Each structure stands twice: as C-alpha cells, then as structure tokens.
>>> print(open('final-v4.cif').read())   # mmCIF, C-alpha atoms
data_input
#
loop_
_atom_site.label_atom_id
_atom_site.label_comp_id
_atom_site.auth_asym_id
_atom_site.auth_seq_id
_atom_site.Cartn_x
_atom_site.Cartn_y
_atom_site.Cartn_z
CA MET S 1 45.92 -38.91 131.96
CA ARG S 2 45.29 -37.12 135.21
CA THR S 3 42.75 -38.16 137.77
CA GLY S 4 41.36 -36.34 140.74
CA PRO S 5 40.18 -32.76 141.08
CA LEU S 6 41.91 -30.16 138.96
CA ILE S 7 42.79 -26.97 140.78
CA SER S 8 43.92 -24.12 138.58
CA LEU S 9 45.84 -21.31 140.20
CA SER S 10 46.94 -19.64 137.03
CA SER S 11 44.64 -16.70 137.58
CA GLY S 12 46.14 -15.89 140.95
CA VAL S 13 47.15 -17.38 144.24
CA SER S 14 44.71 -15.73 146.59
CA GLY S 15 41.58 -17.22 148.03
CA GLY S 16 42.56 -20.85 148.53
CA PRO S 17 40.36 -22.32 145.78
CA LEU S 18 41.19 -25.83 146.91
CA ARG S 19 39.69 -25.36 150.33
CA GLN S 20 36.75 -23.42 148.95
CA ALA S 21 35.99 -26.11 146.43
CA TYR S 22 36.60 -29.19 148.50
CA GLY S 23 37.04 -28.26 152.16
CA CYS S 24 38.46 -31.35 153.76
CA ALA S 25 36.44 -33.59 151.51
CA VAL S 26 39.26 -34.25 149.08
CA PRO S 27 38.70 -37.88 148.26
CA PHE S 28 41.18 -40.18 149.89
CA ALA S 29 41.34 -43.91 150.18
CA PRO S 30 40.85 -45.62 153.56
CA PHE S 31 44.47 -46.70 153.77
CA ARG S 32 45.51 -43.08 154.07
CA LEU S 33 43.82 -42.89 157.46
CA ALA S 34 46.58 -45.10 158.77
CA TRP S 35 49.00 -42.21 158.23
CA GLU S 36 47.54 -40.41 161.26
CA GLY S 37 48.84 -43.24 163.39
CA GLY S 38 52.31 -42.75 162.03
CA VAL S 39 52.23 -45.71 159.71
CA VAL S 40 53.43 -45.09 156.20
CA PRO S 41 50.46 -46.39 154.28
CA MET S 42 51.76 -46.69 150.80
CA SER S 43 54.74 -47.73 148.83
CA LEU S 44 56.15 -45.63 146.03
CA GLU S 45 54.29 -47.76 143.56
CA GLU S 46 51.03 -47.37 145.49
CA ALA S 47 51.54 -43.63 145.64
CA ARG S 48 51.96 -43.51 141.90
CA ARG S 49 48.61 -45.24 141.50
CA ALA S 50 46.72 -43.28 144.17
CA ASP S 51 44.11 -40.61 143.50
CA ARG S 52 45.71 -37.27 142.91
CA VAL S 53 45.10 -33.65 143.70
CA VAL S 54 46.39 -31.50 140.88
CA ILE S 55 47.83 -28.09 141.71
CA ASP S 56 48.67 -25.90 138.75
CA GLY S 57 51.59 -23.64 139.59
CA GLY S 58 51.66 -22.31 136.05
CA ASP S 59 54.70 -20.21 135.20
CA ARG S 60 55.39 -19.26 138.79
CA SER S 61 58.86 -19.93 140.10
CA CYS S 62 61.01 -19.59 143.18
CA GLY S 63 59.17 -18.19 146.21
CA GLU S 64 56.02 -17.51 144.24
CA LEU S 65 55.68 -21.19 143.39
CA LEU S 66 56.49 -22.25 146.94
CA LEU S 67 53.81 -19.91 148.27
CA VAL S 68 51.22 -21.63 146.07
CA LEU S 69 52.39 -25.03 147.33
CA HIS S 70 52.38 -23.92 150.96
CA ARG S 71 48.90 -22.46 150.70
CA GLU S 72 47.29 -25.30 148.83
CA MET S 73 48.95 -28.23 150.60
CA ARG S 74 48.72 -27.23 154.24
CA ASP S 75 45.15 -28.43 154.74
CA LEU S 76 45.36 -31.55 152.60
CA PRO S 77 45.08 -34.83 154.49
CA PRO S 78 48.43 -36.54 155.10
CA GLY S 79 49.11 -39.13 152.46
CA THR S 80 47.43 -37.17 149.68
CA VAL S 81 49.43 -37.31 146.48
CA VAL S 82 49.82 -33.93 144.83
CA GLU S 83 50.52 -33.56 141.14
CA LEU S 84 52.17 -30.18 140.80
CA ILE S 85 52.27 -28.62 137.37
CA ALA S 86 55.18 -26.18 137.25
CA HIS S 87 56.82 -24.86 134.11
CA ASP S 88 59.77 -23.40 136.02
CA PRO S 89 62.85 -25.30 134.76
CA ILE S 90 64.37 -25.08 138.23
CA ALA S 91 61.39 -26.77 139.90
CA PRO S 92 63.02 -30.24 139.95
CA ILE S 93 65.89 -28.70 141.94
CA ASP S 94 63.78 -26.54 144.25
CA LEU S 95 61.08 -29.09 145.05
CA PRO S 96 63.21 -31.77 146.76
CA VAL S 97 64.87 -29.03 148.83
CA TRP S 98 61.48 -27.60 149.77
CA CYS S 99 60.29 -31.07 150.72
CA HIS S 100 63.32 -31.46 152.96
CA LEU S 101 62.45 -28.19 154.70
CA THR S 102 58.76 -28.86 155.07
CA GLY S 103 58.76 -32.61 155.59
CA HIS S 104 56.67 -33.46 152.58
CA ARG S 105 57.83 -36.37 150.47
CA TYR S 106 59.14 -35.74 146.98
CA LEU S 107 58.52 -38.56 144.55
CA GLY S 108 60.06 -36.93 141.50
CA PRO S 109 58.80 -36.03 138.05
CA HIS S 110 55.63 -37.56 136.69
CA ASP S 111 56.60 -40.34 134.33
CA ALA S 112 53.95 -39.47 131.76
CA ALA S 113 53.21 -35.75 132.05
CA ALA S 114 55.68 -32.99 131.25
CA ASP S 115 56.45 -30.30 133.85
CA THR S 116 54.60 -32.28 136.51
CA TYR S 117 55.99 -33.45 139.84
CA LEU S 118 54.63 -35.74 142.53
CA ILE S 119 54.64 -34.83 146.22
CA VAL S 120 53.08 -36.79 149.09
CA VAL S 121 51.61 -34.64 151.85
CA SER S 122 53.38 -35.43 155.12
CA ALA S 123 51.78 -35.49 158.55
CA LYS S 124 54.24 -32.96 159.89
CA ALA S 125 57.30 -30.98 158.94
CA ARG S 126 60.70 -32.46 159.64
CA PRO S 127 63.47 -30.48 161.31
CA VAL S 128 66.52 -29.60 159.25
CA ARG S 129 70.15 -29.08 160.22
CA PRO S 130 70.62 -25.42 161.20
CA ASP S 131 74.02 -25.22 159.51
CA ARG S 132 72.94 -27.06 156.36
CA PRO S 133 69.19 -26.53 155.99
CA TRP S 134 69.01 -28.69 152.88
CA HIS S 135 69.68 -31.74 155.09
CA LEU S 136 67.32 -33.23 157.65
CA ALA S 137 68.42 -32.91 161.26
CA PRO S 138 69.49 -36.16 162.94
CA THR S 139 66.49 -37.76 164.57
CA THR S 140 66.40 -38.25 168.31
CA GLY S 141 64.09 -40.46 170.29
CA HIS S 142 60.73 -41.49 168.90
CA ASP S 143 60.12 -40.72 165.29
CA ASP S 144 56.83 -41.51 163.70
CA THR S 145 58.30 -41.72 160.23
CA PRO S 146 60.02 -45.04 159.58
CA ALA S 147 63.73 -44.78 158.90
CA ASP S 148 63.40 -46.56 155.61
CA LEU S 149 61.11 -43.82 154.30
CA GLU S 150 63.59 -41.15 155.30
CA GLN S 151 66.44 -43.02 153.68
CA GLN S 152 64.41 -43.60 150.58
CA THR S 153 63.37 -39.96 150.38
CA HIS S 154 66.92 -38.83 151.08
CA ARG S 155 68.27 -41.05 148.34
CA GLU S 156 65.67 -39.80 145.87
CA THR S 157 66.52 -36.23 146.74
CA GLN S 158 70.23 -36.76 146.41
CA GLU S 159 69.70 -38.28 143.01
CA SER S 160 67.56 -35.33 141.99
CA ILE S 161 70.01 -32.59 142.96
CA MET D 1 66.19 -20.50 164.27
CA SER D 2 64.61 -17.75 162.23
CA ILE D 3 65.25 -15.79 159.06
CA LEU D 4 65.36 -12.01 158.78
CA VAL D 5 65.00 -10.38 155.37
CA SER D 6 66.11 -6.76 155.50
CA ILE D 7 64.64 -4.55 152.77
CA ALA D 8 65.71 -0.94 152.33
CA SER D 9 64.11 -0.06 149.01
CA SER D 10 60.67 0.27 147.45
CA HIS D 11 59.69 2.79 144.76
CA ASP D 12 63.34 3.75 144.32
CA ASN D 13 64.24 0.20 143.31
CA PRO D 14 61.15 -1.91 142.68
CA ASP D 15 63.18 -4.75 141.18
CA ARG D 16 65.30 -5.19 144.31
CA CYS D 17 62.33 -4.79 146.64
CA THR D 18 60.27 -7.35 144.75
CA VAL D 19 63.08 -9.90 144.65
CA ALA D 20 63.54 -9.44 148.40
CA PHE D 21 59.91 -10.26 148.98
CA VAL D 22 60.15 -13.32 146.72
CA VAL D 23 62.95 -14.56 148.97
CA ALA D 24 60.92 -13.76 152.08
CA VAL D 25 57.96 -15.62 150.65
CA ALA D 26 60.18 -18.60 149.82
CA ALA D 27 61.39 -18.69 153.42
CA VAL D 28 57.98 -18.52 155.05
CA ALA D 29 56.49 -20.97 152.57
CA SER D 30 59.28 -23.38 153.47
CA GLY D 31 58.15 -23.44 157.07
CA GLN D 32 60.75 -21.02 158.39
CA ASP D 33 60.01 -18.43 161.07
CA THR D 34 60.47 -15.38 158.87
CA THR D 35 60.55 -11.64 159.56
CA VAL D 36 60.82 -8.83 157.02
CA PHE D 37 62.48 -5.67 158.28
CA LEU D 38 61.54 -2.57 156.28
CA SER D 39 63.92 0.35 156.64
CA ALA D 40 64.84 3.53 154.72
CA ASP D 41 62.67 3.70 151.56
CA GLY D 42 61.62 0.09 152.18
CA ALA D 43 59.32 1.46 154.89
CA TRP D 44 56.90 2.58 152.18
CA VAL D 45 55.95 -1.06 151.55
CA GLY D 46 54.52 -1.17 155.07
CA LYS D 47 52.02 1.56 154.25
CA GLN D 48 48.64 0.51 152.88
CA GLY D 49 48.27 1.19 149.17
CA GLU D 50 51.97 1.59 148.42
CA ALA D 51 52.79 -2.01 147.46
CA GLU D 52 49.97 -1.84 144.90
CA LYS D 53 52.03 0.72 142.99
CA ILE D 54 54.93 -1.69 142.46
CA ASN D 55 54.42 -4.22 139.69
CA GLU D 56 57.79 -5.37 138.47
CA GLU D 57 57.87 -7.15 135.14
CA GLY D 58 58.57 -10.86 135.48
CA PHE D 59 57.31 -11.08 139.05
CA ALA D 60 54.03 -11.35 140.85
CA PRO D 61 52.65 -7.96 141.91
CA LEU D 62 54.31 -6.80 145.13
CA ALA D 63 50.97 -6.41 146.92
CA GLU D 64 50.25 -10.08 146.23
CA LEU D 65 53.63 -11.11 147.61
CA VAL D 66 53.20 -8.99 150.73
CA ALA D 67 49.71 -10.34 151.38
CA GLY D 68 50.87 -13.90 150.72
CA PHE D 69 53.82 -13.45 153.06
CA VAL D 70 51.60 -12.27 155.92
CA GLU D 71 48.91 -14.85 155.24
CA ALA D 72 51.52 -17.62 155.42
CA GLY D 73 52.57 -16.41 158.86
CA GLY D 74 55.34 -13.92 158.10
CA GLN D 75 55.93 -10.88 160.31
CA ILE D 76 56.73 -7.40 159.01
CA LEU D 77 58.64 -4.89 161.12
CA VAL D 78 58.82 -1.27 160.00
CA CYS D 79 61.75 0.81 161.21
CA THR D 80 60.46 3.42 163.67
CA PRO D 81 62.42 6.51 162.55
CA CYS D 82 62.07 5.51 158.88
CA ALA D 83 58.28 5.42 159.25
CA LYS D 84 58.19 8.65 161.27
CA LYS D 85 60.32 10.49 158.73
CA ARG D 86 57.83 9.53 156.01
CA GLY D 87 54.73 10.31 158.01
CA ILE D 88 53.71 6.65 158.25
CA THR D 89 51.74 5.84 161.39
CA GLU D 90 50.47 2.60 162.94
CA GLU D 91 47.05 3.28 161.41
CA ASP D 92 48.57 3.36 157.92
CA LEU D 93 50.19 -0.07 158.10
CA VAL D 94 49.28 -3.12 156.05
CA PRO D 95 47.88 -6.08 157.99
CA GLY D 96 50.67 -8.08 159.61
CA ALA D 97 53.04 -5.11 159.92
CA ILE D 98 54.05 -3.32 163.09
CA ILE D 99 56.35 -0.40 163.73
CA ALA D 100 59.33 -1.63 165.68
CA GLY D 101 62.52 -0.10 166.96
CA GLY D 102 66.01 -1.30 166.28
CA ALA D 103 65.90 -3.29 169.50
CA ALA D 104 63.45 -5.74 167.98
CA VAL D 105 65.78 -6.38 165.05
CA VAL D 106 68.82 -6.66 167.29
CA ALA D 107 66.94 -9.07 169.54
CA LEU D 108 66.14 -11.28 166.57
CA LEU D 109 69.74 -11.26 165.38
CA ALA D 110 71.11 -11.82 168.88
CA ALA D 111 68.82 -14.83 169.18
CA GLY D 112 70.49 -16.32 166.13
CA ALA D 113 68.35 -15.17 163.22
CA THR D 114 70.03 -15.53 159.86
CA SER D 115 69.77 -12.32 157.86
CA ILE D 116 69.79 -11.51 154.18
CA SER D 117 69.77 -7.87 153.13
CA TYR D 118 68.49 -6.09 150.05
#
>>> encode(input="final-v4.cif", output="structure tokens")
Amino acid sequence: MRTGPLISLSSGVSGGPLRQAYGCAVPFAPFRLAWEGGVVPMSLEEARRADRVVIDGGDRSCGELLLVLHREMRDLPPGTVVELIAHDPIAPIDLPVWCHLTGHRYLGPHDAAADTYLIVVSAKARPVRPDRPWHLAPTTGHDDTPADLEQQTHRETQESI
Amino acid sequence: MSILVSIASSHDNPDRCTVAFVVAVAAVASGQDTTVFLSADGAWVGKQGEAEKINEEGFAPLAELVAGFVEAGGQILVCTPCAKKRGITEEDLVPGAIIAGGAAVVALLAAGATSISY
C-alpha cells in the first residue's frame, strides 16, 4: 500500500503538478533536515519506511520518462523518497544509470508493488567520468556524501545492471 | 563536457526527428549540458507551429518534447543558411531557439562536445 501524495502524470508532463499541488510543502520528517548539512539521515531500511512521494511515469520510456523525473524531482527536498511508477521494462536498467548521472540514489524496485522503483532525492548531482559516464568520477577533496553511501549505491547499481 | 544532438530532418522523416529529440531530452534530463543543432529540413522544428504537426506513433508529440527540452535547460541552435533558405526568421523561432552559424557548432565541438547525429 502506498503512502504519501499521489501525483499522476499520465495525462501529460507539462505544468509541474507536483509543485502546483504542494509547493515545497511536501511532508518530510525532521531527520531529513540533517541532509542539508551533508549528513546522510537514513539507512536503506529507514528509507524504505519513510513517507513517499509517488510519481506516475505511466507508459513513458527512455528520455520521455527521464524528463518526467527531472521535472518532478528537481524541487523536492533532499532525502525525499520517490516511488516511481514506470511500466517501461527497461526502467530498472535506465534508472540506476540516470541516478549515477544526476546524483540521486537508486534503491531498486519496490518490494511489494509491481513496476515501481524507489529513488532518494540527493542534495546535489555527482560528477561522472567523462570517458565512461555511467561511472561516478573519482572524488577529490571534501565530499559531503559519505564514502559508504557511494559504495553502497555503486554496489546496488552494479547488481542492477 | 557537453552533448550536441545534430538533427537534419523534420517533416521528411518524423520518426528520426522524434527519436533524436527523445535522445536530446534524455541528455538534458540527466543533467548534461545539451545543445540541439537543427540543420537542413531539421530547421523546420525551430519554427513556431511546425513541431505541432509531427506526432509520431509510439512517442510523445514532438512539440511536447521540444518544449520539455527547452524547459529543462536545453539550447536549440538553428543553422543560419538552412533557416534563411526556408524563410525562417528570428521572430519565427520557438522559445529557447536561436539562429546560429556554423562557428557556434564548431566552437562547441572544439571545446569537446560529444555529438550524436540524426
């Protein structure tokens, strides 16, 4: 059973219904505020239990699906857990790659809902290797994302591809 | 690092043109600095009202893809002689498009842009 606001985009992608409906007032728990300070506020298990924002990508695929994600996720507070409904059979391959490119965190398929995938909104995009854009660039200097998160995300992605 | 999507068709090959814009949309939605270069018959897409005439089965309407591309931060360059040949002027262009000479494209490529052509 899904919780959180249901955003349906099946009738079209224009207009940003999420922002119109909720502005920045998408409900989020206090622990998510810690994300702004660079602290990863939740474990995988916590993320699975957190309130969700549902984005319905419908039958869209490829760039059309990514455009929906880009538009609807860019103003969500970091740490928000998105449940993406996508009937595209290639979505479980595209989504971890897209998360690598954009810096969002891919948690994998929903364990109880078909054609649904979990993504945690990241504070900022992560750079990728110019020669192999499906891999994150090596980090230099200060990094506000703990290494264990990156390794965990990387491992999840590798397992998903 | 940026991505250049070169599109040289429109009404003459709506399938190819639409797929090209799907790729462009994928690039810009993935956080990449993305430019679409419209040349030859692709220049028509830069004119207001033309994309609305292309609705390829199995894809989102082209006008929706073009608007989504621009809204997500994509840039559209329209080949100068291609636009002139077709009577397309600056005033005719869709939002987010500009008429640009070959130098702009060469400058992008010389700066390391990766290009994919349709």
>>> atom_distance(input="final-v4.cif", atom1="CA of Leu66 in chain S", atom2="CA of Ala27 in chain D")
8.9 Å
>>> resolve_selection(input="final-v4.cif", expression="the PyMOL selection byres ((chain S and resi 74-78) around 6)", output="list in words")
His70, Arg71, Glu72, Met73, Gly79, Thr80, Val121, Ser122 and Ala123 of chain S
>>> atom_distance(input="final-v4.cif", atom1="CA of Arg16 in chain D", atom2="CA of His100 in chain S")
27.7 Å
>>> interface_residues(input="final-v4.cif", of="chain D", to="chain S", cutoff="6 Å", atoms="all atoms listed in the file", output="ChimeraX atom specification")
/D:22-23,25-26,29-31
>>> write_last_selection(input="final-v4.cif", atoms="C-alpha atoms", output="PDB file, in the coordinates of the input")
ATOM      1  CA  VAL D  22      60.150 -13.320 146.720  1.00  0.00           C
ATOM      2  CA  VAL D  23      62.950 -14.560 148.970  1.00  0.00           C
ATOM      3  CA  VAL D  25      57.960 -15.620 150.650  1.00  0.00           C
ATOM      4  CA  ALA D  26      60.180 -18.600 149.820  1.00  0.00           C
ATOM      5  CA  ALA D  29      56.490 -20.970 152.570  1.00  0.00           C
ATOM      6  CA  SER D  30      59.280 -23.380 153.470  1.00  0.00           C
ATOM      7  CA  GLY D  31      58.150 -23.440 157.070  1.00  0.00           C
TER       8      GLY D  31
END
>>> closest_residue(input="final-v4.cif", among="S:Asp59, S:Ile119, S:Arg52, S:Ala113", to="Asp88 in chain S", atoms="only C-alpha atoms")
S:Asp59
>>> resolve_selection(input="final-v4.cif", expression="the PyMOL selection byres ((chain D and resi 96) around 7)", output="ChimeraX atom specification")
/D:70,75-76,94-95,97-98
>>> closest_residue(input="final-v4.cif", among="D:Ala111, D:Val78, D:Val5, D:Gly73", to="Asp33 in chain D", atoms="all atoms listed in the file")
D:Gly73
>>> atom_distance(input="final-v4.cif", atom1="CA of Ile85 in chain S", atom2="CA of Leu118 in chain S")
9.1 Å
>>> residues_around(input="final-v4.cif", residues="range 49-51 of chain D", least_positions_apart="4", cutoff="7 Å", atoms="all atoms listed in the file", output="list of chain:residue names")
D:Trp44, D:Val45, D:Leu62, D:Ala63
>>> write_last_selection(input="final-v4.cif", atoms="C-alpha atoms", output="compact mmCIF listing (two decimals), keeping the file's coordinate frame")
# COMPACT_ATOMS: atom_id res chain seq x y z
CA TRP D 44 56.90 2.58 152.18
CA VAL D 45 55.95 -1.06 151.55
CA LEU D 62 54.31 -6.80 145.13
CA ALA D 63 50.97 -6.41 146.92
>>> resolve_selection(input="final-v4.cif", expression="the PyMOL selection byres ((chain S and resi 108) around 7)", output="compact mmCIF listing (two decimals) with C-alpha atoms, in the frame of the given file")
# COMPACT_ATOMS: atom_id res chain seq x y z
CA TYR S 106 59.14 -35.74 146.98
CA LEU S 107 58.52 -38.56 144.55
CA PRO S 109 58.80 -36.03 138.05
CA HIS S 110 55.63 -37.56 136.69
CA TYR S 117 55.99 -33.45 139.84
CA LEU S 118 54.63 -35.74 142.53
>>> closest_residue(input="final-v4.cif", among="D:Ala107, D:Ala67, D:Ile99, D:Leu4", to="Ala24 in chain D", atoms="only C-alpha atoms")
D:Leu4
>>> closest_residue(input="final-v4.cif", among="D:Ser6, D:Ser39, D:Thr114, D:Thr18", to="Phe59 in chain D", atoms="only C-alpha atoms")
D:Thr18
>>> residues_around(input="final-v4.cif", residues="Asp12 in chain D", least_positions_apart="5", cutoff="12 Å", atoms="only C-alpha atoms", output="ChimeraX atom specification")
/D:7,17-18,40-45,53-54
>>> closest_residue(input="final-v4.cif", among="D:Asn55, D:Ser115, D:Gln48, D:Thr35", to="Asn13 in chain D", atoms="only C-alpha atoms")
D:Asn55
>>> build_atoms(input="final-v4.cif", residues="range 27-56 of chain D", atoms="N, CA and C atoms", output="CSV table (one decimal), in the frame of the given file")
chain,number,residue,atom,x,y,z
D,27,ALA,N,61.0,-18.3,152.1
D,27,ALA,CA,61.4,-18.7,153.4
D,27,ALA,C,60.2,-19.1,154.2
D,28,VAL,N,59.2,-18.2,154.2
D,28,VAL,CA,58.0,-18.5,155.0
D,28,VAL,C,57.2,-19.7,154.5
D,29,ALA,N,57.2,-19.8,153.2
D,29,ALA,CA,56.5,-21.0,152.6
D,29,ALA,C,57.2,-22.3,152.8
D,30,SER,N,58.5,-22.2,153.2
D,30,SER,CA,59.3,-23.4,153.5
D,30,SER,C,59.3,-23.7,155.0
D,31,GLY,N,58.3,-23.1,155.7
D,31,GLY,CA,58.2,-23.4,157.1
D,31,GLY,C,59.1,-22.8,158.0
D,32,GLN,N,59.8,-21.7,157.5
D,32,GLN,CA,60.8,-21.0,158.4
D,32,GLN,C,60.1,-19.8,159.1
D,33,ASP,N,60.5,-19.6,160.3
D,33,ASP,CA,60.0,-18.4,161.1
D,33,ASP,C,60.7,-17.2,160.4
D,34,THR,N,59.9,-16.4,159.7
D,34,THR,CA,60.5,-15.4,158.9
D,34,THR,C,60.0,-14.0,159.2
D,35,THR,N,60.9,-13.0,159.3
D,35,THR,CA,60.6,-11.6,159.6
D,35,THR,C,61.1,-10.8,158.5
D,36,VAL,N,60.3,-9.8,157.9
D,36,VAL,CA,60.8,-8.8,157.0
D,36,VAL,C,61.0,-7.5,157.8
D,37,PHE,N,62.2,-6.9,157.6
D,37,PHE,CA,62.5,-5.7,158.3
D,37,PHE,C,62.5,-4.6,157.2
D,38,LEU,N,61.6,-3.6,157.3
D,38,LEU,CA,61.5,-2.6,156.3
D,38,LEU,C,62.2,-1.3,156.8
D,39,SER,N,63.2,-0.9,156.2
D,39,SER,CA,63.9,0.4,156.6
D,39,SER,C,64.2,1.3,155.5
D,40,ALA,N,64.6,2.5,155.8
D,40,ALA,CA,64.8,3.5,154.7
D,40,ALA,C,63.6,3.6,153.8
D,41,ASP,N,63.8,3.6,152.5
D,41,ASP,CA,62.7,3.7,151.6
D,41,ASP,C,61.8,2.4,151.5
D,42,GLY,N,62.4,1.3,152.1
D,42,GLY,CA,61.6,0.1,152.2
D,42,GLY,C,60.4,0.3,153.1
D,43,ALA,N,60.4,1.2,154.0
D,43,ALA,CA,59.3,1.5,154.9
D,43,ALA,C,58.0,1.7,154.1
D,44,TRP,N,58.1,2.3,152.9
D,44,TRP,CA,56.9,2.6,152.2
D,44,TRP,C,56.1,1.3,152.0
D,45,VAL,N,56.7,0.2,151.8
D,45,VAL,CA,56.0,-1.1,151.6
D,45,VAL,C,55.0,-1.4,152.7
D,46,GLY,N,55.4,-0.9,153.9
D,46,GLY,CA,54.5,-1.2,155.1
D,46,GLY,C,53.3,-0.3,155.1
D,47,LYS,N,53.2,0.7,154.2
D,47,LYS,CA,52.0,1.6,154.2
D,47,LYS,C,51.0,1.0,153.3
D,48,GLN,N,49.7,1.0,153.7
D,48,GLN,CA,48.6,0.5,152.9
D,48,GLN,C,48.6,1.3,151.6
D,49,GLY,N,48.4,0.6,150.5
D,49,GLY,CA,48.3,1.2,149.2
D,49,GLY,C,49.6,1.4,148.4
D,50,GLU,N,50.7,1.3,149.1
D,50,GLU,CA,52.0,1.6,148.4
D,50,GLU,C,52.5,0.4,147.6
D,51,ALA,N,52.3,-0.8,148.2
D,51,ALA,CA,52.8,-2.0,147.5
D,51,ALA,C,52.0,-2.2,146.1
D,52,GLU,N,50.8,-1.7,146.1
D,52,GLU,CA,50.0,-1.8,144.9
D,52,GLU,C,50.6,-1.1,143.7
D,53,LYS,N,51.4,-0.1,144.0
D,53,LYS,CA,52.0,0.7,143.0
D,53,LYS,C,53.3,0.1,142.4
D,54,ILE,N,53.7,-1.1,142.9
D,54,ILE,CA,54.9,-1.7,142.5
D,54,ILE,C,54.6,-3.0,141.8
D,55,ASN,N,54.7,-3.0,140.5
D,55,ASN,CA,54.4,-4.2,139.7
D,55,ASN,C,55.6,-4.5,138.7
D,56,GLU,N,56.6,-5.2,139.2
D,56,GLU,CA,57.8,-5.4,138.5
D,56,GLU,C,57.6,-6.5,137.4
